[in-house]
file model28.pdb (PDB, C-alpha atoms)
ATOM      1  CA  MET A   1      -2.006 -32.749 -20.419
ATOM      2  CA  PRO A   2      -4.894 -30.481 -19.332
ATOM      3  CA  VAL A   3      -4.498 -26.742 -19.838
ATOM      4  CA  PRO A   4      -4.492 -24.831 -16.483
ATOM      5  CA  ASP A   5      -7.572 -22.676 -15.930
ATOM      6  CA  PRO A   6      -6.428 -19.014 -16.264
ATOM      7  CA  THR A   7      -8.925 -17.970 -13.571
ATOM      8  CA  VAL A   8      -7.450 -20.437 -11.101
ATOM      9  CA  LEU A   9      -3.896 -19.399 -11.978
ATOM     10  CA  ALA A  10      -4.820 -15.742 -11.457
ATOM     11  CA  ARG A  11      -6.290 -16.600  -8.059
ATOM     12  CA  ILE A  12      -3.109 -18.455  -7.068
ATOM     13  CA  ASP A  13      -0.939 -15.533  -8.218
ATOM     14  CA  ARG A  14      -3.085 -13.068  -6.268
ATOM     15  CA  LEU A  15      -2.892 -15.171  -3.100
ATOM     16  CA  GLU A  16       0.901 -15.385  -3.345
ATOM     17  CA  LEU A  17       1.185 -11.634  -3.822
ATOM     18  CA  GLU A  18      -1.222 -10.840  -0.969
ATOM     19  CA  ALA A  19       0.672 -13.202   1.340
ATOM     20  CA  ARG A  20       3.969 -11.470   0.683
ATOM     21  CA  GLN A  21       2.484  -7.995   1.029
ATOM     22  CA  ALA A  22       0.716  -8.871   4.272
ATOM     23  CA  VAL A  23       3.867  -9.892   6.128
ATOM     24  CA  GLU A  24       6.732  -8.028   4.450
ATOM     25  CA  GLY A  25       6.102  -4.976   6.606
ATOM     26  CA  TYR A  26       6.293  -7.059   9.742
ATOM     27  CA  LEU A  27       9.421  -8.874   8.580
ATOM     28  CA  SER A  28      11.208  -5.647   7.640
ATOM     29  CA  GLY A  29      10.463  -4.221  11.080
ATOM     30  CA  ARG A  30      12.203  -6.953  13.068
ATOM     31  CA  HIS A  31      15.702  -8.393  13.245
ATOM     32  CA  ARG A  32      16.253 -10.715  10.325
ATOM     33  CA  SER A  33      17.158 -13.772  12.401
ATOM     34  CA  PRO A  34      15.296 -16.692  10.821
ATOM     35  CA  ARG A  35      14.515 -18.090  14.272
ATOM     36  CA  HIS A  36      12.642 -15.185  15.831
ATOM     37  CA  GLY A  37       9.148 -16.424  15.082
ATOM     38  CA  PHE A  38       7.065 -19.487  15.888
ATOM     39  CA  ALA A  39      10.133 -21.723  16.026
ATOM     40  CA  VAL A  40      11.437 -20.246  19.269
ATOM     41  CA  GLU A  41      10.249 -22.152  22.332
ATOM     42  CA  PHE A  42      10.691 -21.258  26.012
ATOM     43  CA  ALA A  43      12.943 -23.754  27.819
ATOM     44  CA  GLN A  44      13.779 -22.547  31.351
ATOM     45  CA  HIS A  45      14.788 -19.668  33.610
ATOM     46  CA  ARG A  46      18.252 -18.860  34.972
ATOM     47  CA  GLU A  47      19.434 -16.140  37.328
ATOM     48  CA  TYR A  48      20.626 -12.863  35.873
ATOM     49  CA  ALA A  49      24.379 -12.295  35.717
ATOM     50  CA  PRO A  50      26.170  -8.984  35.032
ATOM     51  CA  GLY A  51      26.500  -8.453  31.308
ATOM     52  CA  ASP A  52      23.328 -10.355  30.369
ATOM     53  CA  ASP A  53      20.907  -8.675  27.973
ATOM     54  CA  ILE A  54      18.128  -7.199  30.125
ATOM     55  CA  LYS A  55      15.545  -7.659  27.372
ATOM     56  CA  HIS A  56      15.339 -11.331  28.365
ATOM     57  CA  ILE A  57      14.445 -10.605  31.998
ATOM     58  CA  ASP A  58      11.140 -12.160  33.036
ATOM     59  CA  TRP A  59       9.430  -9.305  34.872
ATOM     60  CA  LYS A  60       6.573 -11.514  36.021
ATOM     61  CA  VAL A  61       9.053 -13.684  37.923
ATOM     62  CA  PHE A  62      10.695 -10.559  39.324
ATOM     63  CA  GLY A  63       7.311  -9.375  40.574
ATOM     64  CA  ARG A  64       6.877 -12.614  42.508
ATOM     65  CA  THR A  65      10.440 -13.137  43.772
ATOM     66  CA  GLU A  66      12.093  -9.677  43.564
ATOM     67  CA  ARG A  67      15.026 -11.432  41.900
ATOM     68  CA  PHE A  68      16.119 -11.127  38.291
ATOM     69  CA  HIS A  69      15.758 -14.216  36.111
ATOM     70  CA  LEU A  70      16.254 -14.562  32.373
ATOM     71  CA  LYS A  71      14.111 -16.534  29.976
ATOM     72  CA  GLN A  72      16.124 -19.080  28.041
ATOM     73  CA  TYR A  73      14.909 -20.541  24.771
ATOM     74  CA  GLU A  74      15.628 -23.628  22.762
ATOM     75  CA  GLN A  75      15.604 -23.498  19.002
ATOM     76  CA  GLU A  76      13.207 -25.887  17.302
ATOM     77  CA  THR A  77      14.734 -27.228  14.111
ATOM     78  CA  ASN A  78      12.413 -28.173  11.285
ATOM     79  CA  LEU A  79       9.332 -26.708  12.908
ATOM     80  CA  VAL A  80       6.158 -27.969  11.253
ATOM     81  CA  ALA A  81       3.166 -25.670  10.814
ATOM     82  CA  TRP A  82      -0.280 -26.817   9.680
ATOM     83  CA  LEU A  83      -2.770 -24.459   8.037
ATOM     84  CA  LEU A  84      -6.302 -25.782   8.552
ATOM     85  CA  VAL A  85      -8.770 -23.734   6.494
ATOM     86  CA  ASP A  86     -12.561 -23.933   6.777
ATOM     87  CA  ALA A  87     -13.729 -24.278   3.164
ATOM     88  CA  SER A  88     -17.424 -24.833   3.917
ATOM     89  CA  GLU A  89     -20.326 -23.115   2.193
ATOM     90  CA  SER A  90     -20.772 -20.376   4.802
ATOM     91  CA  MET A  91     -17.224 -19.156   4.131
ATOM     92  CA  ALA A  92     -18.364 -18.054   0.642
ATOM     93  CA  TYR A  93     -20.327 -15.175   2.161
ATOM     94  CA  GLY A  94     -19.087 -11.636   1.667
ATOM     95  CA  SER A  95     -20.959  -8.337   1.953
ATOM     96  CA  GLY A  96     -18.139  -6.509   0.192
ATOM     97  CA  SER A  97     -15.403  -7.332  -2.280
ATOM     98  CA  ARG A  98     -13.815  -9.990  -0.058
ATOM     99  CA  THR A  99     -15.515 -13.141   1.207
ATOM    100  CA  LYS A 100     -14.721 -14.886   4.462
ATOM    101  CA  TYR A 101     -12.972 -17.583   2.470
ATOM    102  CA  ASP A 102     -10.864 -14.966   0.666
ATOM    103  CA  LEU A 103      -9.879 -13.589   4.055
ATOM    104  CA  ALA A 104      -9.037 -17.021   5.474
ATOM    105  CA  CYS A 105      -6.991 -17.937   2.394
ATOM    106  CA  GLY A 106      -5.096 -14.652   2.502
ATOM    107  CA  ALA A 107      -4.291 -15.105   6.186
ATOM    108  CA  ALA A 108      -3.294 -18.746   5.701
ATOM    109  CA  ALA A 109      -1.028 -17.931   2.771
ATOM    110  CA  ALA A 110       0.556 -15.104   4.773
ATOM    111  CA  MET A 111       1.321 -17.401   7.694
ATOM    112  CA  CYS A 112       2.711 -19.962   5.257
ATOM    113  CA  TYR A 113       5.025 -17.329   3.805
ATOM    114  CA  LEU A 114       6.153 -16.334   7.288
ATOM    115  CA  VAL A 115       6.874 -19.932   8.325
ATOM    116  CA  LEU A 116       8.802 -20.646   5.127
ATOM    117  CA  ASN A 117      10.737 -17.425   5.641
ATOM    118  CA  GLN A 118      11.890 -18.942   8.941
ATOM    119  CA  THR A 119      13.221 -21.915   6.932
ATOM    120  CA  ASP A 120      10.582 -24.169   8.474
ATOM    121  CA  ALA A 121       7.892 -26.362   6.899
ATOM    122  CA  ALA A 122       4.192 -25.729   6.278
ATOM    123  CA  GLY A 123       1.313 -27.944   5.166
ATOM    124  CA  VAL A 124      -2.354 -27.206   4.481
ATOM    125  CA  ALA A 125      -5.744 -28.904   4.713
ATOM    126  CA  THR A 126      -9.119 -27.590   3.557
ATOM    127  CA  LEU A 127     -12.128 -28.637   5.647
ATOM    128  CA  ALA A 128     -15.768 -29.019   4.618
ATOM    129  CA  GLY A 129     -17.676 -31.935   6.107
ATOM    130  CA  GLY A 130     -14.325 -33.703   6.259
ATOM    131  CA  VAL A 131     -10.862 -33.164   4.849
ATOM    132  CA  ARG A 132     -11.295 -31.995   1.241
ATOM    133  CA  ALA A 133      -7.603 -31.661   0.407
ATOM    134  CA  LEU A 134      -4.376 -32.206   2.307
ATOM    135  CA  LEU A 135      -0.856 -31.143   1.369
ATOM    136  CA  ARG A 136       1.880 -32.557   3.585
ATOM    137  CA  PRO A 137       4.331 -30.061   5.135
ATOM    138  CA  SER A 138       7.401 -29.026   3.194
ATOM    139  CA  GLY A 139       9.999 -26.304   3.456
ATOM    140  CA  GLN A 140      10.661 -26.149  -0.281
ATOM    141  CA  VAL A 141      10.627 -22.725  -1.916
ATOM    142  CA  THR A 142       7.728 -23.845  -4.104
ATOM    143  CA  GLN A 143       5.518 -24.744  -1.117
ATOM    144  CA  LEU A 144       3.763 -21.383  -0.894
ATOM    145  CA  ARG A 145       2.518 -21.756  -4.453
ATOM    146  CA  GLU A 146       1.392 -25.328  -3.772
ATOM    147  CA  VAL A 147      -0.510 -24.153  -0.694
ATOM    148  CA  CYS A 148      -2.196 -21.428  -2.756
ATOM    149  CA  ARG A 149      -3.086 -24.021  -5.380
ATOM    150  CA  VAL A 150      -4.899 -26.134  -2.767
ATOM    151  CA  LEU A 151      -6.725 -23.104  -1.351
ATOM    152  CA  ALA A 152      -7.850 -21.952  -4.806
ATOM    153  CA  ASP A 153     -10.172 -24.965  -5.124
ATOM    154  CA  GLY A 154     -12.574 -23.901  -2.347
ATOM    155  CA  PRO A 155     -15.039 -23.216  -0.917
ATOM    156  CA  PHE A 156     -17.281 -26.279  -1.181
ATOM    157  CA  PRO A 157     -20.997 -26.981  -0.570
ATOM    158  CA  GLY A 158     -22.106 -28.152   2.846
ATOM    159  CA  PRO A 159     -21.200 -27.513   6.496
ATOM    160  CA  ALA A 160     -17.733 -27.554   8.009
ATOM    161  CA  ARG A 161     -18.371 -29.926  10.960
ATOM    162  CA  LEU A 162     -15.267 -28.264  12.361
ATOM    163  CA  GLY A 163     -15.076 -30.102  15.685
ATOM    164  CA  PRO A 164     -15.110 -33.666  14.278
ATOM    165  CA  VAL A 165     -12.718 -32.704  11.468
ATOM    166  CA  LEU A 166     -10.216 -31.194  13.927
ATOM    167  CA  ASN A 167     -10.481 -34.386  15.966
ATOM    168  CA  GLU A 168      -9.673 -36.389  12.843
ATOM    169  CA  LEU A 169      -6.719 -34.207  11.894
ATOM    170  CA  ALA A 170      -5.264 -34.210  15.405
ATOM    171  CA  GLY A 171      -4.301 -37.805  14.822
ATOM    172  CA  ARG A 172      -2.806 -37.104  11.393
ATOM    173  CA  THR A 173      -0.675 -34.018  11.977
ATOM    174  CA  GLY A 174       2.309 -35.911  13.354
ATOM    175  CA  ARG A 175       4.767 -34.567  15.859
ATOM    176  CA  ARG A 176       4.352 -31.435  17.893
ATOM    177  CA  GLY A 177       4.143 -28.230  15.855
ATOM    178  CA  VAL A 178       2.040 -25.125  15.300
ATOM    179  CA  VAL A 179      -1.531 -25.478  14.026
ATOM    180  CA  PHE A 180      -3.282 -22.444  12.537
ATOM    181  CA  VAL A 181      -7.068 -22.803  12.220
ATOM    182  CA  PHE A 182      -9.016 -20.379   9.994
ATOM    183  CA  SER A 183     -12.820 -20.524  10.288
ATOM    184  CA  ASP A 184     -16.001 -18.521  10.801
ATOM    185  CA  LEU A 185     -16.795 -21.017  13.613
ATOM    186  CA  LEU A 186     -20.437 -21.504  12.617
ATOM    187  CA  ASP A 187     -20.653 -24.722  14.619
ATOM    188  CA  ASP A 188     -21.626 -25.649  18.159
ATOM    189  CA  VAL A 189     -19.110 -24.228  20.620
ATOM    190  CA  PRO A 190     -18.612 -27.502  22.584
ATOM    191  CA  ASP A 191     -17.727 -29.314  19.352
ATOM    192  CA  ILE A 192     -15.281 -26.582  18.304
ATOM    193  CA  LEU A 193     -13.574 -26.578  21.691
ATOM    194  CA  ALA A 194     -13.389 -30.367  21.758
ATOM    195  CA  GLY A 195     -11.549 -30.329  18.432
ATOM    196  CA  LEU A 196      -9.137 -27.644  19.628
ATOM    197  CA  GLN A 197      -8.603 -29.559  22.866
ATOM    198  CA  HIS A 198      -7.582 -32.650  20.914
ATOM    199  CA  LEU A 199      -4.947 -30.620  19.065
ATOM    200  CA  ARG A 200      -3.660 -29.276  22.381
ATOM    201  CA  TYR A 201      -3.607 -32.800  23.801
ATOM    202  CA  GLN A 202      -1.251 -33.677  20.949
ATOM    203  CA  LYS A 203       1.025 -30.887  22.307
ATOM    204  CA  HIS A 204       0.465 -28.591  19.335
ATOM    205  CA  ASP A 205       0.685 -24.823  19.711
ATOM    206  CA  VAL A 206      -2.730 -23.755  18.372
ATOM    207  CA  VAL A 207      -3.746 -20.385  16.901
ATOM    208  CA  LEU A 208      -7.408 -19.823  16.017
ATOM    209  CA  PHE A 209      -8.177 -17.140  13.420
ATOM    210  CA  HIS A 210     -11.900 -16.318  13.624
ATOM    211  CA  THR A 211     -12.780 -14.952  10.171
ATOM    212  CA  LEU A 212     -15.993 -12.928  10.095
ATOM    213  CA  ASP A 213     -17.653 -10.645   7.575
ATOM    214  CA  ALA A 214     -18.158  -7.001   8.490
ATOM    215  CA  ALA A 215     -21.940  -7.310   8.046
ATOM    216  CA  GLU A 216     -22.023 -10.295  10.416
ATOM    217  CA  LEU A 217     -20.309  -8.235  13.083
ATOM    218  CA  ASP A 218     -22.133  -4.924  12.579
ATOM    219  CA  PHE A 219     -25.520  -6.092  11.213
ATOM    220  CA  PRO A 220     -26.071  -2.857   9.230
ATOM    221  CA  PHE A 221     -29.335  -3.980   7.560
ATOM    222  CA  ARG A 222     -32.260  -1.563   7.890
ATOM    223  CA  ASN A 223     -35.022  -2.543   5.448
ATOM    224  CA  THR A 224     -36.988  -5.782   5.240
ATOM    225  CA  THR A 225     -34.433  -8.318   4.077
ATOM    226  CA  LEU A 226     -34.484 -11.868   2.738
ATOM    227  CA  PHE A 227     -31.598 -13.756   4.329
ATOM    228  CA  ARG A 228     -30.521 -16.713   2.213
ATOM    229  CA  GLY A 229     -29.801 -19.861   4.199
ATOM    230  CA  LEU A 230     -26.433 -21.569   3.830
ATOM    231  CA  GLU A 231     -25.415 -25.145   4.564
ATOM    232  CA  GLY A 232     -28.995 -26.446   4.347
ATOM    233  CA  LEU A 233     -30.694 -23.702   6.362
ATOM    234  CA  PRO A 234     -33.904 -22.109   4.991
ATOM    235  CA  GLU A 235     -34.366 -18.559   3.748
ATOM    236  CA  ILE A 236     -35.744 -16.071   6.276
ATOM    237  CA  LEU A 237     -37.629 -12.855   5.469
ATOM    238  CA  THR A 238     -37.352 -10.551   8.457
ATOM    239  CA  ASP A 239     -37.311  -6.969   9.756
ATOM    240  CA  PRO A 240     -33.623  -6.356  10.654
ATOM    241  CA  PRO A 241     -34.172  -3.576  13.255
ATOM    242  CA  GLY A 242     -36.511  -5.906  15.138
ATOM    243  CA  VAL A 243     -33.967  -8.687  15.466
ATOM    244  CA  ARG A 244     -30.701  -6.726  15.547
ATOM    245  CA  ASP A 245     -30.280  -6.632  19.334
ATOM    246  CA  SER A 246     -31.039 -10.313  19.826
ATOM    247  CA  TYR A 247     -28.771 -11.256  16.907
ATOM    248  CA  LEU A 248     -25.831  -9.226  18.218
ATOM    249  CA  LYS A 249     -26.322 -10.668  21.695
ATOM    250  CA  ALA A 250     -26.338 -14.225  20.346
ATOM    251  CA  LEU A 251     -23.210 -13.519  18.310
ATOM    252  CA  GLY A 252     -21.510 -11.909  21.293
ATOM    253  CA  ASP A 253     -22.348 -14.882  23.518
ATOM    254  CA  HIS A 254     -21.022 -17.285  20.889
ATOM    255  CA  VAL A 255     -17.746 -15.379  20.483
ATOM    256  CA  ALA A 256     -17.329 -14.968  24.253
ATOM    257  CA  ALA A 257     -17.769 -18.706  24.789
ATOM    258  CA  VAL A 258     -15.142 -19.494  22.136
ATOM    259  CA  GLU A 259     -12.719 -16.937  23.570
ATOM    260  CA  ALA A 260     -13.170 -18.271  27.112
ATOM    261  CA  GLY A 261     -12.559 -21.816  25.924
ATOM    262  CA  CYS A 262      -9.421 -20.731  24.071
ATOM    263  CA  ARG A 263      -8.045 -18.953  27.137
ATOM    264  CA  ALA A 264      -8.614 -22.040  29.257
ATOM    265  CA  MET A 265      -6.685 -24.186  26.760
ATOM    266  CA  GLU A 266      -3.975 -21.578  26.068
ATOM    267  CA  VAL A 267      -5.053 -21.299  22.442
ATOM    268  CA  ASP A 268      -4.414 -17.932  20.784
ATOM    269  CA  TYR A 269      -7.690 -16.402  19.574
ATOM    270  CA  VAL A 270      -7.427 -13.808  16.774
ATOM    271  CA  ARG A 271     -10.487 -12.185  15.203
ATOM    272  CA  LEU A 272     -10.219 -11.056  11.588
ATOM    273  CA  ARG A 273     -12.870  -9.114   9.683
ATOM    274  CA  THR A 274     -13.242  -8.812   5.940
ATOM    275  CA  ASP A 275     -13.113  -5.010   5.820
ATOM    276  CA  ALA A 276      -9.906  -4.651   7.859
ATOM    277  CA  ASP A 277      -6.313  -4.399   6.642
ATOM    278  CA  LEU A 278      -5.085  -7.989   6.851
ATOM    279  CA  GLY A 279      -1.413  -7.053   6.991
ATOM    280  CA  HIS A 280      -2.034  -4.676   9.887
ATOM    281  CA  GLU A 281      -4.106  -7.230  11.798
ATOM    282  CA  LEU A 282      -1.544 -10.010  11.373
ATOM    283  CA  ALA A 283       1.360  -7.729  12.310
ATOM    284  CA  ALA A 284      -0.464  -6.660  15.482
ATOM    285  CA  TYR A 285      -0.987 -10.292  16.476
ATOM    286  CA  LEU A 286       2.608 -11.290  15.696
ATOM    287  CA  GLN A 287       3.996  -8.382  17.691
ATOM    288  CA  LYS A 288       1.773  -9.314  20.605
ATOM    289  CA  ARG A 289       2.873 -12.937  20.375
ATOM    290  CA  ARG A 290       6.557 -12.006  20.357
ATOM    291  CA  GLY A 291       6.043  -9.945  23.490
ATOM    292  CA  ALA A 292       4.145 -12.686  25.329
TER     293      ALA A 292
END

call {"tool": "encode", "arguments": {"input": "model28.pdb", "output": "structure tokens"}}
result
Amino acid sequence: MPVPDPTVLARIDRLELEARQAVEGYLSGRHRSPRHGFAVEFAQHREYAPGDDIKHIDWKVFGRTERFHLKQYEQETNLVAWLLVDASESMAYGSGSRTKYDLACGAAAAMCYLVLNQTDAAGVATLAGGVRALLRPSGQVTQLREVCRVLADGPFPGPARLGPVLNELAGRTGRRGVVFVFSDLLDDVPDILAGLQHLRYQKHDVVLFHTLDAAELDFPFRNTTLFRGLEGLPEILTDPPGVRDSYLKALGDHVAAVEAGCRAMEVDYVRLRTDADLGHELAAYLQKRRGA
């Protein structure tokens, strides 16, 4: 029997710990009902009756009708969540102590921990030019560690080809559930949106976590810099101040196009950056989602 690599085991342990730390604050700040997260689905409205809890009043409906209606929910049993993590070469980039892949893995493990805490099931797939690894969903207590074990193997050489891979997985994810996608989205926007659209067509609730490095967002370079190409692209020696404005505009246009496409498909778009507090960012999103 092969001896486990201590480096890999340490990475798995760190991911598990980071996942728990990232969401424990959020969990401790809400009621401990196991069904107050992604497993709660809106079912219908009914008219308010004296004695009903006013926190369930739909104020948007009141604004249109001037009558009080309550939101009613149905509880999904055995909710299935998929964690789809971009493990392509570009995700290995990091200007600081944490790479984009580290960030994506930490966020994915945190969402896995949250889903399992709800007594639901989570599975994971790593993506790089295809599906590199796939772990079927489970609600077992050992599933978080198994998810971390799969994530510890990446990233891999080559491009993500995110759109085609999402199209492939849409047909393999089974019944309706929640799909979390973690990627730097360095692909053509139409392909990305087509893949997300296929997941939505399968009736999945989709959440897109856009994982970006701080230097990609801020472009702090000042001196002549050699930029190393990833995923088959060549190296480029350039003067950063001369290209900064055009770079930031291109990035902004790319992000805006993705965000607009997500809004049109009712896909949650969440931007994460490597130098931010992951626990804080995830808690902010989860609070926003609960209030939606």

call {"tool": "closest_residue", "arguments": {"input": "model28.pdb", "among": "A:Pro241, A:Gly291, A:Pro155, A:Gly195", "to": "Met265 in chain A", "atoms": "only C-alpha atoms"}}
result
A:Gly195

call {"tool": "closest_residue", "arguments": {"input": "model28.pdb", "among": "A:Pro157, A:Gly106, A:Gly177, A:Gly129", "to": "Trp82 in chain A", "atoms": "only C-alpha atoms"}}
result
A:Gly177

call {"tool": "resolve_selection", "arguments": {"input": "model28.pdb", "expression": "the PyMOL selection byres ((chain A and resi 108) around 8)", "output": "ChimeraX atom specification"}}
result
/A:83,85,104-107,109-112,180,182

call {"tool": "write_last_selection", "arguments": {"input": "model28.pdb", "atoms": "C-alpha atoms", "output": "CSV table (one decimal), in the coordinates of the input"}}
result
chain,number,residue,atom,x,y,z
A,83,LEU,CA,-2.8,-24.5,8.0
A,85,VAL,CA,-8.8,-23.7,6.5
A,104,ALA,CA,-9.0,-17.0,5.5
A,105,CYS,CA,-7.0,-17.9,2.4
A,106,GLY,CA,-5.1,-14.7,2.5
A,107,ALA,CA,-4.3,-15.1,6.2
A,109,ALA,CA,-1.0,-17.9,2.8
A,110,ALA,CA,0.6,-15.1,4.8
A,111,MET,CA,1.3,-17.4,7.7
A,112,CYS,CA,2.7,-20.0,5.3
A,180,PHE,CA,-3.3,-22.4,12.5
A,182,PHE,CA,-9.0,-20.4,10.0

call {"tool": "residues_around", "arguments": {"input": "model28.pdb", "residues": "Gly261 in chain A", "least_positions_apart": "5", "cutoff": "12 Å", "atoms": "all atoms listed in the file", "output": "VMD selection string"}}
result
chain A and resid 189 to 197 208 254 to 256 266 to 269

call {"tool": "closest_residue", "arguments": {"input": "model28.pdb", "among": "A:Arg244, A:Arg289, A:Arg64, A:His210", "to": "Thr274 in chain A", "atoms": "only C-alpha atoms"}}
result
A:His210

call {"tool": "closest_residue", "arguments": {"input": "model28.pdb", "among": "A:Ser90, A:Glu259, A:Ala81, A:Asp277", "to": "Asp120 in chain A", "atoms": "only C-alpha atoms"}}
result
A:Ala81

call {"tool": "residues_near_point", "arguments": {"input": "model28.pdb", "point": "(-5.3, -22.5, -2.0)", "cutoff": "12 Å", "atoms": "only C-alpha atoms", "output": "JSON, numbers by chain"}}
result
{"A": [8, 9, 10, 11, 12, 13, 14, 15, 16, 19, 83, 84, 85, 86, 87, 101, 102, 103, 104, 105, 106, 107, 108, 109, 110, 112, 123, 124, 125, 126, 127, 132, 133, 134, 135, 143, 144, 145, 146, 147, 148, 149, 150, 151, 152, 153, 154, 155]}

call {"tool": "atom_distance", "arguments": {"input": "model28.pdb", "atom1": "CA of Gly139 in chain A", "atom2": "CA of Ala122 in chain A"}}
result
6.5 Å

call {"tool": "atom_distance", "arguments": {"input": "model28.pdb", "atom1": "CA of Leu114 in chain A", "atom2": "CA of Lys288 in chain A"}}
result
15.7 Å

call {"tool": "atom_distance", "arguments": {"input": "model28.pdb", "atom1": "CA of Val207 in chain A", "atom2": "CA of Val270 in chain A"}}
result
7.5 Å

call {"tool": "residues_around", "arguments": {"input": "model28.pdb", "residues": "Ala170 in chain A", "least_positions_apart": "2", "cutoff": "9 Å", "atoms": "only C-alpha atoms", "output": "list in words"}}
result
Val165, Leu166, Asn167, Glu168, Arg172, Thr173, Gly174, Gly195, Leu196, His198, Leu199, Arg200, Tyr201, Gln202 and His204 of chain A

call {"tool": "residues_around", "arguments": {"input": "model28.pdb", "residues": "Leu248 in chain A", "least_positions_apart": "5", "cutoff": "12 Å", "atoms": "only C-alpha atoms", "output": "VMD selection string"}}
result
chain A and resid 215 to 220 240 to 243 253 to 256

call {"tool": "closest_residue", "arguments": {"input": "model28.pdb", "among": "A:Tyr247, A:Glu281, A:Lys203, A:Thr65", "to": "Val178 in chain A", "atoms": "only C-alpha atoms"}}
result
A:Lys203

call {"tool": "closest_residue", "arguments": {"input": "model28.pdb", "among": "A:Ser246, A:Ser88, A:Arg98, A:Pro137", "to": "Leu185 in chain A", "atoms": "all atoms listed in the file"}}
result
A:Ser88

call {"tool": "residues_around", "arguments": {"input": "model28.pdb", "residues": "range 20-22 of chain A", "least_positions_apart": "5", "cutoff": "7 Å", "atoms": "all atoms listed in the file", "output": "ChimeraX atom specification"}}
result
/A:110,113,278-279

call {"tool": "build_atoms", "arguments": {"input": "model28.pdb", "residues": "range 197-210 of chain A", "atoms": "N, CA and C atoms", "output": "PDB file, in the frame of the given file"}}
result
ATOM      1  N   GLN A 197      -9.192 -28.871  21.721  1.00  0.00           N
ATOM      2  CA  GLN A 197      -8.603 -29.559  22.866  1.00  0.00           C
ATOM      3  C   GLN A 197      -7.808 -30.788  22.427  1.00  0.00           C
ATOM      4  N   HIS A 198      -8.305 -31.479  21.419  1.00  0.00           N
ATOM      5  CA  HIS A 198      -7.582 -32.650  20.914  1.00  0.00           C
ATOM      6  C   HIS A 198      -6.239 -32.238  20.318  1.00  0.00           C
ATOM      7  N   LEU A 199      -6.213 -31.124  19.600  1.00  0.00           N
ATOM      8  CA  LEU A 199      -4.947 -30.620  19.065  1.00  0.00           C
ATOM      9  C   LEU A 199      -3.987 -30.251  20.185  1.00  0.00           C
ATOM     10  N   ARG A 200      -4.508 -29.637  21.242  1.00  0.00           N
ATOM     11  CA  ARG A 200      -3.660 -29.276  22.381  1.00  0.00           C
ATOM     12  C   ARG A 200      -3.161 -30.528  23.109  1.00  0.00           C
ATOM     13  N   TYR A 201      -4.008 -31.545  23.170  1.00  0.00           N
ATOM     14  CA  TYR A 201      -3.607 -32.800  23.801  1.00  0.00           C
ATOM     15  C   TYR A 201      -2.426 -33.424  23.059  1.00  0.00           C
ATOM     16  N   GLN A 202      -2.372 -33.191  21.753  1.00  0.00           N
ATOM     17  CA  GLN A 202      -1.251 -33.677  20.949  1.00  0.00           C
ATOM     18  C   GLN A 202      -0.020 -32.766  21.072  1.00  0.00           C
ATOM     19  N   LYS A 203      -0.086 -31.799  21.990  1.00  0.00           N
ATOM     20  CA  LYS A 203       1.025 -30.887  22.307  1.00  0.00           C
ATOM     21  C   LYS A 203       1.277 -29.834  21.235  1.00  0.00           C
ATOM     22  N   HIS A 204       0.303 -29.629  20.343  1.00  0.00           N
ATOM     23  CA  HIS A 204       0.465 -28.591  19.335  1.00  0.00           C
ATOM     24  C   HIS A 204       0.239 -27.208  19.945  1.00  0.00           C
ATOM     25  N   ASP A 205       0.958 -26.231  19.439  1.00  0.00           N
ATOM     26  CA  ASP A 205       0.685 -24.823  19.711  1.00  0.00           C
ATOM     27  C   ASP A 205      -0.416 -24.426  18.732  1.00  0.00           C
ATOM     28  N   VAL A 206      -1.569 -23.987  19.229  1.00  0.00           N
ATOM     29  CA  VAL A 206      -2.730 -23.755  18.372  1.00  0.00           C
ATOM     30  C   VAL A 206      -3.077 -22.267  18.323  1.00  0.00           C
ATOM     31  N   VAL A 207      -3.318 -21.776  17.112  1.00  0.00           N
ATOM     32  CA  VAL A 207      -3.746 -20.385  16.901  1.00  0.00           C
ATOM     33  C   VAL A 207      -5.046 -20.426  16.109  1.00  0.00           C
ATOM     34  N   LEU A 208      -6.097 -19.825  16.657  1.00  0.00           N
ATOM     35  CA  LEU A 208      -7.408 -19.823  16.017  1.00  0.00           C
ATOM     36  C   LEU A 208      -7.688 -18.444  15.432  1.00  0.00           C
ATOM     37  N   PHE A 209      -7.815 -18.376  14.107  1.00  0.00           N
ATOM     38  CA  PHE A 209      -8.177 -17.140  13.420  1.00  0.00           C
ATOM     39  C   PHE A 209      -9.675 -17.200  13.107  1.00  0.00           C
ATOM     40  N   HIS A 210     -10.446 -16.363  13.798  1.00  0.00           N
ATOM     41  CA  HIS A 210     -11.900 -16.318  13.624  1.00  0.00           C
ATOM     42  C   HIS A 210     -12.206 -15.325  12.522  1.00  0.00           C
TER      43      HIS A 210
END
